[in-house]
file run_13.txt (compact mmCIF, C-alpha atoms)
# COMPACT_ATOMS: atom_id res chain seq x y z
CA MET A 117 -34.72 51.78 -11.94
CA LYS A 118 -34.41 48.62 -9.75
CA ASN A 119 -30.95 47.37 -8.87
CA THR A 120 -30.99 43.74 -9.97
CA ALA A 121 -27.24 43.13 -9.48
CA THR A 122 -26.41 40.11 -7.36
CA ALA A 123 -23.92 40.27 -4.49
CA GLU A 124 -20.36 40.00 -5.71
CA VAL A 125 -18.44 37.10 -4.08
CA LEU A 126 -14.66 37.48 -4.02
CA GLU A 127 -12.37 35.23 -1.98
CA ILE A 128 -9.31 36.84 -0.42
CA PRO A 129 -6.61 35.63 -0.73
CA LYS A 130 -6.90 34.11 -4.19
CA LYS A 131 -4.66 31.16 -3.27
CA ARG A 132 -6.10 28.46 -0.97
CA ALA A 133 -5.16 29.23 2.62
CA ALA A 134 -3.66 26.63 4.93
CA TYR A 135 -6.22 24.36 6.54
CA GLY A 136 -7.55 25.90 9.72
CA SER A 137 -6.30 29.40 8.97
CA GLY A 138 -9.75 30.71 7.97
CA SER A 139 -10.84 32.69 4.93
CA ILE A 140 -12.13 36.11 3.93
CA VAL A 141 -14.93 36.51 1.38
CA GLN A 142 -16.38 39.73 -0.06
CA ARG A 143 -20.17 39.74 -0.13
CA GLY A 144 -21.53 42.88 -1.68
CA LEU A 145 -20.11 45.84 0.22
CA ARG A 146 -19.01 43.81 3.25
CA TRP A 147 -16.15 41.40 3.98
CA GLN A 148 -16.94 38.14 5.77
CA ILE A 149 -14.44 36.08 7.75
CA SER A 150 -14.99 32.34 8.26
CA PHE A 151 -13.04 29.93 10.48
CA TYR A 152 -13.47 26.88 12.75
CA ASP A 153 -13.02 27.00 16.52
CA ARG A 154 -11.41 24.25 18.64
CA GLU A 155 -14.72 22.43 18.97
CA GLY A 156 -15.10 22.20 15.19
CA HIS A 157 -17.85 24.81 14.99
CA ARG A 158 -17.75 27.22 12.06
CA ARG A 159 -17.87 30.91 12.95
CA ARG A 160 -18.55 33.88 10.71
CA GLU A 161 -18.32 37.66 11.16
CA SER A 162 -18.60 40.49 8.61
CA PHE A 163 -16.89 43.90 8.39
CA THR A 164 -17.07 47.08 6.31
CA SER A 165 -13.47 46.86 5.08
CA LEU A 166 -10.90 44.23 4.16
CA SER A 167 -8.34 45.58 6.65
CA LYS A 168 -10.78 45.21 9.56
CA ALA A 169 -11.65 41.68 8.48
CA GLU A 170 -7.98 40.67 8.23
CA LYS A 171 -7.17 42.19 11.62
CA ARG A 172 -10.12 40.45 13.30
CA LEU A 173 -9.32 37.07 11.71
CA ASN A 174 -5.70 37.23 12.91
CA THR A 175 -6.87 38.18 16.41
CA LEU A 176 -9.35 35.32 16.56
CA LYS A 177 -6.73 32.80 15.44
CA VAL A 178 -4.40 33.90 18.24
CA LEU A 179 -7.24 33.63 20.77
CA ARG A 180 -8.16 30.19 19.46
CA GLU A 181 -4.63 28.85 19.83
CA SER A 182 -4.33 30.20 23.39
CA GLY A 183 -7.72 28.75 24.37
CA LYS A 184 -9.17 32.15 25.20
CA LEU A 185 -11.72 31.87 22.42
CA ASP A 186 -13.29 28.82 24.03
CA PRO A 187 -16.23 29.14 26.43
CA HIS A 188 -15.34 29.34 30.13
CA GLU A 189 -15.48 25.56 30.50
CA GLY A 190 -13.03 25.17 27.63
CA ARG A 191 -10.45 27.38 29.36
CA THR A 192 -10.16 25.19 32.48
CA LYS A 193 -6.74 23.69 32.97
CA ILE A 194 -6.19 20.20 34.29
CA ASP A 195 -4.45 21.74 37.30
CA ALA A 196 -7.82 23.19 38.40
CA LEU A 197 -9.49 19.78 38.01
CA ALA A 198 -6.72 18.25 40.10
CA GLU A 199 -7.08 20.77 42.92
CA ALA A 200 -10.85 20.24 43.03
CA TYR A 201 -10.46 16.46 43.10
CA LYS A 202 -7.78 16.54 45.81
CA LEU A 203 -10.09 18.63 47.97
CA TYR A 204 -12.92 16.18 47.31
CA ALA A 205 -10.67 13.25 48.24
CA LYS A 206 -9.55 14.98 51.43
CA ASN A 207 -13.19 15.38 52.48
CA SER A 208 -14.69 12.14 51.15
CA LYS A 209 -11.77 9.71 50.78
CA PRO A 210 -9.27 10.74 53.47
CA LYS A 211 -7.47 7.39 53.37
CA SER A 212 -6.68 7.85 49.66
CA ALA A 213 -6.01 11.60 49.73
CA ASP A 214 -2.26 11.36 50.30
CA TRP A 215 -1.86 8.76 47.57
CA ILE A 216 -3.90 10.84 45.11
CA GLU A 217 -1.77 13.89 45.91
CA LEU A 218 1.38 11.81 45.29
CA VAL A 219 0.10 10.44 41.97
CA TRP A 220 -0.74 13.95 40.74
CA ARG A 221 2.47 15.61 41.91
CA VAL A 222 4.94 12.93 40.82
CA HIS A 223 3.38 11.52 37.64
CA LEU A 224 0.31 13.29 36.25
CA GLU A 225 1.32 16.92 36.78
CA PRO A 226 4.71 16.69 34.99
CA PHE A 227 2.91 15.34 31.90
CA PHE A 228 -0.49 17.08 31.91
CA GLY A 229 0.11 20.13 34.10
CA GLY A 230 -0.69 23.47 32.45
CA ARG A 231 -2.75 21.94 29.65
CA LEU A 232 -6.32 22.90 28.89
CA ALA A 233 -8.64 20.09 29.92
CA SER A 234 -10.78 20.52 26.79
CA ARG A 235 -7.76 19.85 24.58
CA ILE A 236 -6.87 16.45 26.07
CA THR A 237 -7.53 13.62 23.64
CA THR A 238 -7.21 9.85 23.64
CA ASP A 239 -3.90 10.25 21.82
CA HIS A 240 -2.52 12.25 24.75
CA LEU A 241 -3.61 9.52 27.15
CA GLN A 242 -1.92 6.87 25.00
CA GLU A 243 1.24 8.98 25.01
CA TYR A 244 1.13 9.08 28.79
CA ILE A 245 0.80 5.30 28.96
CA ALA A 246 3.76 4.86 26.63
CA ASP A 247 5.80 7.29 28.70
CA ARG A 248 5.04 5.49 31.98
CA LEU A 249 5.67 2.02 30.61
CA GLY A 250 8.88 3.31 29.05
CA THR A 251 10.14 4.28 32.52
CA GLY A 252 9.47 0.79 33.85
CA ALA A 253 6.07 1.34 35.49
CA ALA A 254 3.82 -1.72 35.72
CA THR A 255 0.63 -1.83 33.68
CA SER A 256 -1.38 -1.93 36.92
CA THR A 257 0.34 1.28 38.04
CA ALA A 258 -0.50 3.06 34.78
CA ASN A 259 -4.12 1.88 35.08
CA ARG A 260 -4.49 3.33 38.57
CA GLU A 261 -2.89 6.63 37.64
CA LEU A 262 -5.23 7.07 34.67
CA ALA A 263 -8.14 6.14 36.93
CA VAL A 264 -7.23 9.15 39.09
CA LEU A 265 -7.10 11.41 36.02
CA LYS A 266 -10.46 10.10 34.81
CA ALA A 267 -11.99 10.76 38.23
CA MET A 268 -10.72 14.35 38.02
CA PHE A 269 -12.49 14.85 34.70
CA ARG A 270 -15.71 13.28 35.90
CA LEU A 271 -15.83 15.41 39.01
CA GLY A 272 -15.21 18.50 36.89
CA ALA A 273 -18.02 17.57 34.50
CA GLN A 274 -20.44 17.01 37.40
CA ALA A 275 -19.62 20.31 39.12
CA ASP A 276 -22.15 23.15 39.25
CA PRO A 277 -21.35 25.00 37.09
CA PRO A 278 -19.37 22.36 35.19
CA LYS A 279 -15.64 22.94 34.88
CA VAL A 280 -15.45 20.85 31.69
CA LEU A 281 -18.06 19.99 29.09
CA ARG A 282 -16.69 16.60 28.14
CA VAL A 283 -14.62 13.72 29.48
CA PRO A 284 -12.13 12.40 26.92
CA ARG A 285 -12.47 8.77 25.86
CA PHE A 286 -10.00 6.88 28.02
CA PRO A 287 -8.22 3.82 26.58
CA GLU A 288 -9.18 0.34 27.70
CA LYS A 289 -7.38 -0.82 30.81
CA LEU A 290 -4.05 -2.46 30.17
CA ARG A 291 -3.75 -6.15 30.90
CA GLU A 292 -2.40 -6.60 34.41
CA PRO A 293 -0.29 -9.49 35.73
CA ASN A 294 -2.04 -12.11 37.78
CA PRO A 295 -2.34 -11.17 41.45
CA ARG A 296 0.40 -12.44 43.75
CA SER A 297 -0.40 -15.91 45.08
CA GLY A 298 2.13 -16.17 47.91
CA PHE A 299 1.11 -17.50 51.29
CA VAL A 300 2.65 -18.67 54.55
CA THR A 301 2.59 -22.32 55.60
CA ASP A 302 2.27 -23.37 59.22
CA GLU A 303 5.94 -24.38 59.20
CA GLU A 304 7.02 -20.98 57.86
CA TYR A 305 4.83 -19.23 60.42
CA MET A 306 6.51 -21.18 63.23
CA ALA A 307 9.92 -20.28 61.80
CA LEU A 308 8.95 -16.61 61.82
CA GLN A 309 7.78 -16.81 65.43
CA SER A 310 10.92 -18.68 66.49
CA ASN A 311 13.19 -16.01 65.03
CA CYS A 312 11.11 -13.05 66.22
CA LYS A 313 12.80 -11.07 69.02
CA ASN A 314 10.14 -8.39 69.52
CA ALA A 315 7.05 -9.03 71.65
CA TRP A 316 4.96 -6.59 69.62
CA LEU A 317 5.93 -8.30 66.35
CA ARG A 318 5.06 -11.76 67.70
CA ALA A 319 1.58 -10.45 68.58
CA TYR A 320 1.32 -8.78 65.17
CA LEU A 321 2.21 -12.04 63.40
CA THR A 322 -0.37 -13.98 65.37
CA LEU A 323 -3.18 -11.53 64.67
CA ALA A 324 -2.38 -11.29 60.97
CA TYR A 325 -1.99 -15.06 60.53
CA ASN A 326 -5.16 -15.97 62.42
CA PHE A 327 -7.59 -13.21 61.43
CA GLY A 328 -6.16 -11.69 58.25
CA PHE A 329 -6.28 -8.12 59.53
CA ARG A 330 -4.72 -5.56 57.22
CA LYS A 331 -1.43 -3.91 58.16
CA GLY A 332 -3.05 -0.49 58.59
CA GLU A 333 -5.82 -1.93 60.74
CA LEU A 334 -3.32 -3.60 63.07
CA LEU A 335 -0.98 -0.64 63.45
CA ALA A 336 -3.95 1.62 64.19
CA LEU A 337 -5.14 -0.56 67.10
CA ARG A 338 -5.58 1.20 70.46
CA VAL A 339 -5.79 -0.39 73.89
CA LEU A 340 -9.47 0.58 74.26
CA GLN A 341 -10.24 -1.81 71.38
CA ILE A 342 -8.86 -4.78 73.32
CA ASP A 343 -11.17 -6.39 75.88
CA LEU A 344 -9.11 -9.04 77.66
CA LYS A 345 -11.96 -10.04 79.94
CA ALA A 346 -14.41 -10.65 77.09
CA ARG A 347 -11.48 -11.82 74.91
CA THR A 348 -12.56 -9.65 71.99
CA ILE A 349 -10.89 -7.23 69.56
CA ARG A 350 -12.99 -4.45 68.00
CA LEU A 351 -12.04 -2.69 64.80
CA LEU A 352 -13.88 0.62 64.93
CA PRO A 353 -15.95 2.02 62.02
CA GLY A 354 -13.87 4.43 59.96
CA THR A 355 -10.57 2.73 60.85
CA THR A 356 -10.89 -0.09 58.30
CA LYS A 357 -10.48 -0.02 54.53
CA ASN A 358 -14.22 -0.31 53.89
CA ASP A 359 -15.04 1.94 56.88
CA LEU A 360 -17.07 -0.85 58.51
CA GLY A 361 -16.37 -1.97 62.06
CA ARG A 362 -16.01 -5.62 63.04
CA SER A 363 -15.16 -7.75 66.05
CA VAL A 364 -13.36 -11.06 66.58
CA VAL A 365 -12.91 -13.39 69.53
CA MET A 366 -9.29 -14.05 70.52
CA THR A 367 -7.62 -17.40 70.35
CA GLY A 368 -5.58 -18.44 73.40
CA GLU A 369 -2.31 -17.50 71.70
CA VAL A 370 -3.64 -14.07 70.66
CA HIS A 371 -4.94 -13.40 74.18
CA LYS A 372 -1.59 -14.23 75.76
CA LEU A 373 0.49 -12.08 73.40
CA LEU A 374 -1.90 -9.10 73.41
CA SER A 375 -1.98 -9.12 77.22
CA GLU A 376 1.74 -8.36 77.16
CA CYS A 377 1.30 -5.61 74.57
CA VAL A 378 -1.36 -3.66 76.50
CA LYS A 379 0.02 -4.13 80.03
CA GLY A 380 0.39 -0.79 81.85
CA LYS A 381 -0.94 1.29 78.95
CA ARG A 382 -3.77 3.82 78.86
CA ALA A 383 -6.92 3.28 76.82
CA GLU A 384 -5.86 5.68 74.06
CA ASP A 385 -2.32 4.27 73.73
CA ALA A 386 -1.26 2.25 70.68
CA VAL A 387 -1.20 -1.52 71.10
CA PHE A 388 1.98 -2.02 69.07
CA THR A 389 4.92 -0.09 70.50
CA ARG A 390 8.64 -0.77 70.60
CA THR A 391 10.58 -1.38 73.82
CA ASN A 392 11.38 2.35 74.06
CA GLY A 393 7.67 3.24 73.85
CA GLU A 394 7.83 4.43 70.24
CA VAL A 395 4.65 3.69 68.26
CA VAL A 396 5.24 1.23 65.43
CA GLU A 397 4.38 2.93 62.13
CA ASP A 398 6.71 1.14 59.72
CA PHE A 399 8.79 -1.99 60.13
CA ARG A 400 10.10 -2.82 56.69
CA GLY A 401 13.69 -3.19 57.89
CA THR A 402 12.63 -5.41 60.80
CA TRP A 403 10.47 -7.53 58.52
CA LYS A 404 13.26 -8.00 55.98
CA ALA A 405 15.66 -9.15 58.70
CA LEU A 406 13.06 -11.49 60.19
CA THR A 407 12.15 -13.22 56.92
CA LYS A 408 15.83 -13.69 56.12
CA ALA A 409 16.51 -15.22 59.55
CA ALA A 410 13.47 -17.51 59.20
CA GLY A 411 14.63 -18.74 55.79
CA VAL A 412 11.71 -17.20 53.86
CA PRO A 413 13.24 -14.11 52.18
CA GLY A 414 10.88 -12.26 49.85
CA LEU A 415 7.83 -13.03 51.95
CA LEU A 416 5.43 -10.08 52.12
CA VAL A 417 3.55 -8.87 55.18
CA HIS A 418 0.37 -9.06 53.10
CA ASP A 419 0.98 -12.79 52.54
CA LEU A 420 -0.13 -13.30 56.15
CA ARG A 421 -3.58 -11.92 55.29
CA ARG A 422 -3.86 -14.13 52.25
CA SER A 423 -2.80 -17.11 54.34
CA ALA A 424 -5.37 -16.37 57.06
CA VAL A 425 -8.20 -16.59 54.51
CA ARG A 426 -6.85 -19.87 53.20
CA ARG A 427 -6.46 -21.34 56.71
CA MET A 428 -9.97 -20.38 57.78
CA VAL A 429 -11.50 -22.04 54.71
CA ARG A 430 -9.35 -25.15 55.14
CA ARG A 431 -10.44 -25.46 58.76
CA GLY A 432 -14.11 -25.37 57.86
CA VAL A 433 -14.97 -21.75 58.71
CA SER A 434 -17.86 -20.71 56.47
CA LYS A 435 -17.18 -18.11 53.82
CA HIS A 436 -19.73 -15.75 55.39
CA VAL A 437 -17.99 -15.83 58.78
CA ALA A 438 -14.49 -15.76 57.29
CA LYS A 439 -15.37 -12.64 55.28
CA ARG A 440 -16.63 -10.93 58.44
CA ILE A 441 -13.39 -11.74 60.22
CA SER A 442 -11.03 -10.68 57.41
CA GLY A 443 -13.12 -7.69 56.36
CA HIS A 444 -13.61 -8.68 52.73
CA LYS A 445 -16.69 -7.05 51.28
CA THR A 446 -17.11 -9.07 48.09
CA ASP A 447 -16.88 -12.76 47.21
CA SER A 448 -14.69 -12.01 44.19
CA VAL A 449 -11.83 -10.54 46.22
CA PHE A 450 -12.20 -13.13 48.97
CA ASP A 451 -12.03 -15.97 46.43
CA ARG A 452 -8.87 -14.48 44.98
CA TYR A 453 -7.28 -14.82 48.40
CA ASP A 454 -8.53 -18.40 48.89
CA ILE A 455 -5.57 -19.92 47.08
CA VAL A 456 -5.59 -23.51 45.89
CA ASP A 457 -2.21 -25.26 45.68
CA GLU A 458 -0.96 -28.79 44.98
CA GLN A 459 -1.64 -29.85 48.57
CA ASP A 460 -5.29 -28.84 48.23
CA LEU A 461 -5.58 -30.89 45.06
CA ALA A 462 -3.92 -33.87 46.72
CA ASP A 463 -6.33 -33.62 49.66
CA ALA A 464 -9.24 -33.54 47.22
CA ALA A 465 -7.97 -36.67 45.49
CA ARG A 466 -7.66 -38.53 48.81
CA LYS A 467 -11.23 -37.54 49.73
CA LEU A 468 -12.51 -38.77 46.37
CA GLU A 469 -10.73 -42.11 46.81
CA ALA A 470 -12.17 -42.49 50.32
call {"tool": "encode", "arguments": {"input": "run_13.txt", "output": "structure tokens"}}
result
Amino acid sequence: MKNTATAEVLEIPKKRAAYGSGSIVQRGLRWQISFYDREGHRRRESFTSLSKAEKRLNTLKVLRESGKLDPHEGRTKIDALAEAYKLYAKNSKPKSADWIELVWRVHLEPFFGGRLASRITTDHLQEYIADRLGTGAATSTANRELAVLKAMFRLGAQADPPKVLRVPRFPEKLREPNPRSGFVTDEEYMALQSNCKNAWLRAYLTLAYNFGFRKGELLALRVLQIDLKARTIRLLPGTTKNDLGRSVVMTGEVHKLLSECVKGKRAEDAVFTRTNGEVVEDFRGTWKALTKAAGVPGLLVHDLRRSAVRRMVRRGVSKHVAKRISGHKTDSVFDRYDIVDEQDLADAARKLEA
């Protein structure tokens, strides 16, 4: 006689379980467990007894919460992504490596450290933004820190084999304040020179104000880069922000001041050294005292670079040549430095009237 009985379906427990806790269903002589993993995929397994099904379901829920149920990529912690990215930066972006390490250690690690990368959501990123802004960080600072975190995820996703299967959706960049528009007038520059007591700083001021060299580029200068006979200065490839080398021809003032800086030094010696021979690496205290004495407190060293761009354009140097001198790679950044003030507008009006 054929057995025409259909499989008996009995849900255990009878009351609805909490969402996400899974369920057990009897199908014929077997017991089937059903639950969703962290990726939202439904999983099922069947057993010969209710006790085995219950034990397995409880085990799987514990594994799911700890992340051990996820595939290998889902068990990667953000710490591992950070270590891989720091190594990448050390090899490929050595100039940014120290800053990236600082951002991770001081800001990102205290918030994200120890978390599974696959569990990070947009909500977590928004919480980080709120936390940073709540401590007084600028929106531009939060944007750059999240850019580092995003780069960590992307590098992990591109690895072979991949360390993560997805990159969370990062929030739109926060609105940043307008870039600083400070600059140094010729009168202020003369006041700085008049109050400057250090030969190396006078030469530094002249180079920065005439050619717009960056602070790091100037402090890294070596004597071998100065050719007094040809009256040229060479910034070597790899020593500039964009890694491109460039050369400039000295003005008379630059030639005179640099001659004093390199006198009696070897080719590999630093150009900017103090009277005791110490290499100049930082001069924030000296700069603060100088700007106060010159009557321009609050002036930034970087304002000299911005001013150099503006002076070159005002004096008729073509944008193409000015960019080569200052080392700007794009028109957009260069134009941001080419500041227009009331005097420029007044000059324009006089030219129109003429």
call {"tool": "residues_around", "arguments": {"input": "run_13.txt", "residues": "region 378-385 of chain A", "least_positions_apart": "5", "cutoff": "12 Å", "atoms": "all atoms listed in the file", "output": "number ranges by chain"}}
result
A: 315-316, 319, 335-344, 371-373, 390, 393-396
call {"tool": "write_last_selection", "arguments": {"input": "run_13.txt", "atoms": "C-alpha atoms", "output": "PDB file, keeping the file's coordinate frame"}}
result
ATOM      1  CA  ALA A 315       7.050  -9.030  71.650  1.00  0.00           C
ATOM      2  CA  TRP A 316       4.960  -6.590  69.620  1.00  0.00           C
ATOM      3  CA  ALA A 319       1.580 -10.450  68.580  1.00  0.00           C
ATOM      4  CA  LEU A 335      -0.980  -0.640  63.450  1.00  0.00           C
ATOM      5  CA  ALA A 336      -3.950   1.620  64.190  1.00  0.00           C
ATOM      6  CA  LEU A 337      -5.140  -0.560  67.100  1.00  0.00           C
ATOM      7  CA  ARG A 338      -5.580   1.200  70.460  1.00  0.00           C
ATOM      8  CA  VAL A 339      -5.790  -0.390  73.890  1.00  0.00           C
ATOM      9  CA  LEU A 340      -9.470   0.580  74.260  1.00  0.00           C
ATOM     10  CA  GLN A 341     -10.240  -1.810  71.380  1.00  0.00           C
ATOM     11  CA  ILE A 342      -8.860  -4.780  73.320  1.00  0.00           C
ATOM     12  CA  ASP A 343     -11.170  -6.390  75.880  1.00  0.00           C
ATOM     13  CA  LEU A 344      -9.110  -9.040  77.660  1.00  0.00           C
ATOM     14  CA  HIS A 371      -4.940 -13.400  74.180  1.00  0.00           C
ATOM     15  CA  LYS A 372      -1.590 -14.230  75.760  1.00  0.00           C
ATOM     16  CA  LEU A 373       0.490 -12.080  73.400  1.00  0.00           C
ATOM     17  CA  ARG A 390       8.640  -0.770  70.600  1.00  0.00           C
ATOM     18  CA  GLY A 393       7.670   3.240  73.850  1.00  0.00           C
ATOM     19  CA  GLU A 394       7.830   4.430  70.240  1.00  0.00           C
ATOM     20  CA  VAL A 395       4.650   3.690  68.260  1.00  0.00           C
ATOM     21  CA  VAL A 396       5.240   1.230  65.430  1.00  0.00           C
TER      22      VAL A 396
END
call {"tool": "closest_residue", "arguments": {"input": "run_13.txt", "among": "A:Arg285, A:Ala253, A:Thr367, A:Arg291", "to": "Asp239 (chain A)", "atoms": "all atoms listed in the file"}}
result
A:Arg285
call {"tool": "residues_around", "arguments": {"input": "run_13.txt", "residues": "Leu265 (chain A)", "least_positions_apart": "5", "cutoff": "10 Å", "atoms": "only C-alpha atoms", "output": "count of residues only"}}
result
13
call {"tool": "residues_around", "arguments": {"input": "run_13.txt", "residues": "Tyr204 (chain A)", "least_positions_apart": "4", "cutoff": "10 Å", "atoms": "only C-alpha atoms", "output": "PyMOL selection string"}}
result
chain A and resi 198-200+208-210+213+268+271
call {"tool": "residues_around", "arguments": {"input": "run_13.txt", "residues": "Ala233 (chain A)", "least_positions_apart": "6", "cutoff": "10 Å", "atoms": "all atoms listed in the file", "output": "count of residues only"}}
result
17
call {"tool": "residues_around", "arguments": {"input": "run_13.txt", "residues": "Ile245 (chain A)", "least_positions_apart": "3", "cutoff": "9 Å", "atoms": "all atoms listed in the file", "output": "mmCIF file with C-alpha atoms, in the frame of the given file"}}
result
data_model
loop_
_atom_site.group_PDB
_atom_site.id
_atom_site.type_symbol
_atom_site.label_atom_id
_atom_site.label_comp_id
_atom_site.auth_asym_id
_atom_site.auth_seq_id
_atom_site.Cartn_x
_atom_site.Cartn_y
_atom_site.Cartn_z
ATOM 1 C CA HIS A 240 -2.520 12.250 24.750
ATOM 2 C CA LEU A 241 -3.610 9.520 27.150
ATOM 3 C CA GLN A 242 -1.920 6.870 25.000
ATOM 4 C CA ARG A 248 5.040 5.490 31.980
ATOM 5 C CA LEU A 249 5.670 2.020 30.610
ATOM 6 C CA GLY A 250 8.880 3.310 29.050
ATOM 7 C CA THR A 255 0.630 -1.830 33.680
ATOM 8 C CA ALA A 258 -0.500 3.060 34.780
ATOM 9 C CA ASN A 259 -4.120 1.880 35.080
ATOM 10 C CA LEU A 262 -5.230 7.070 34.670
#
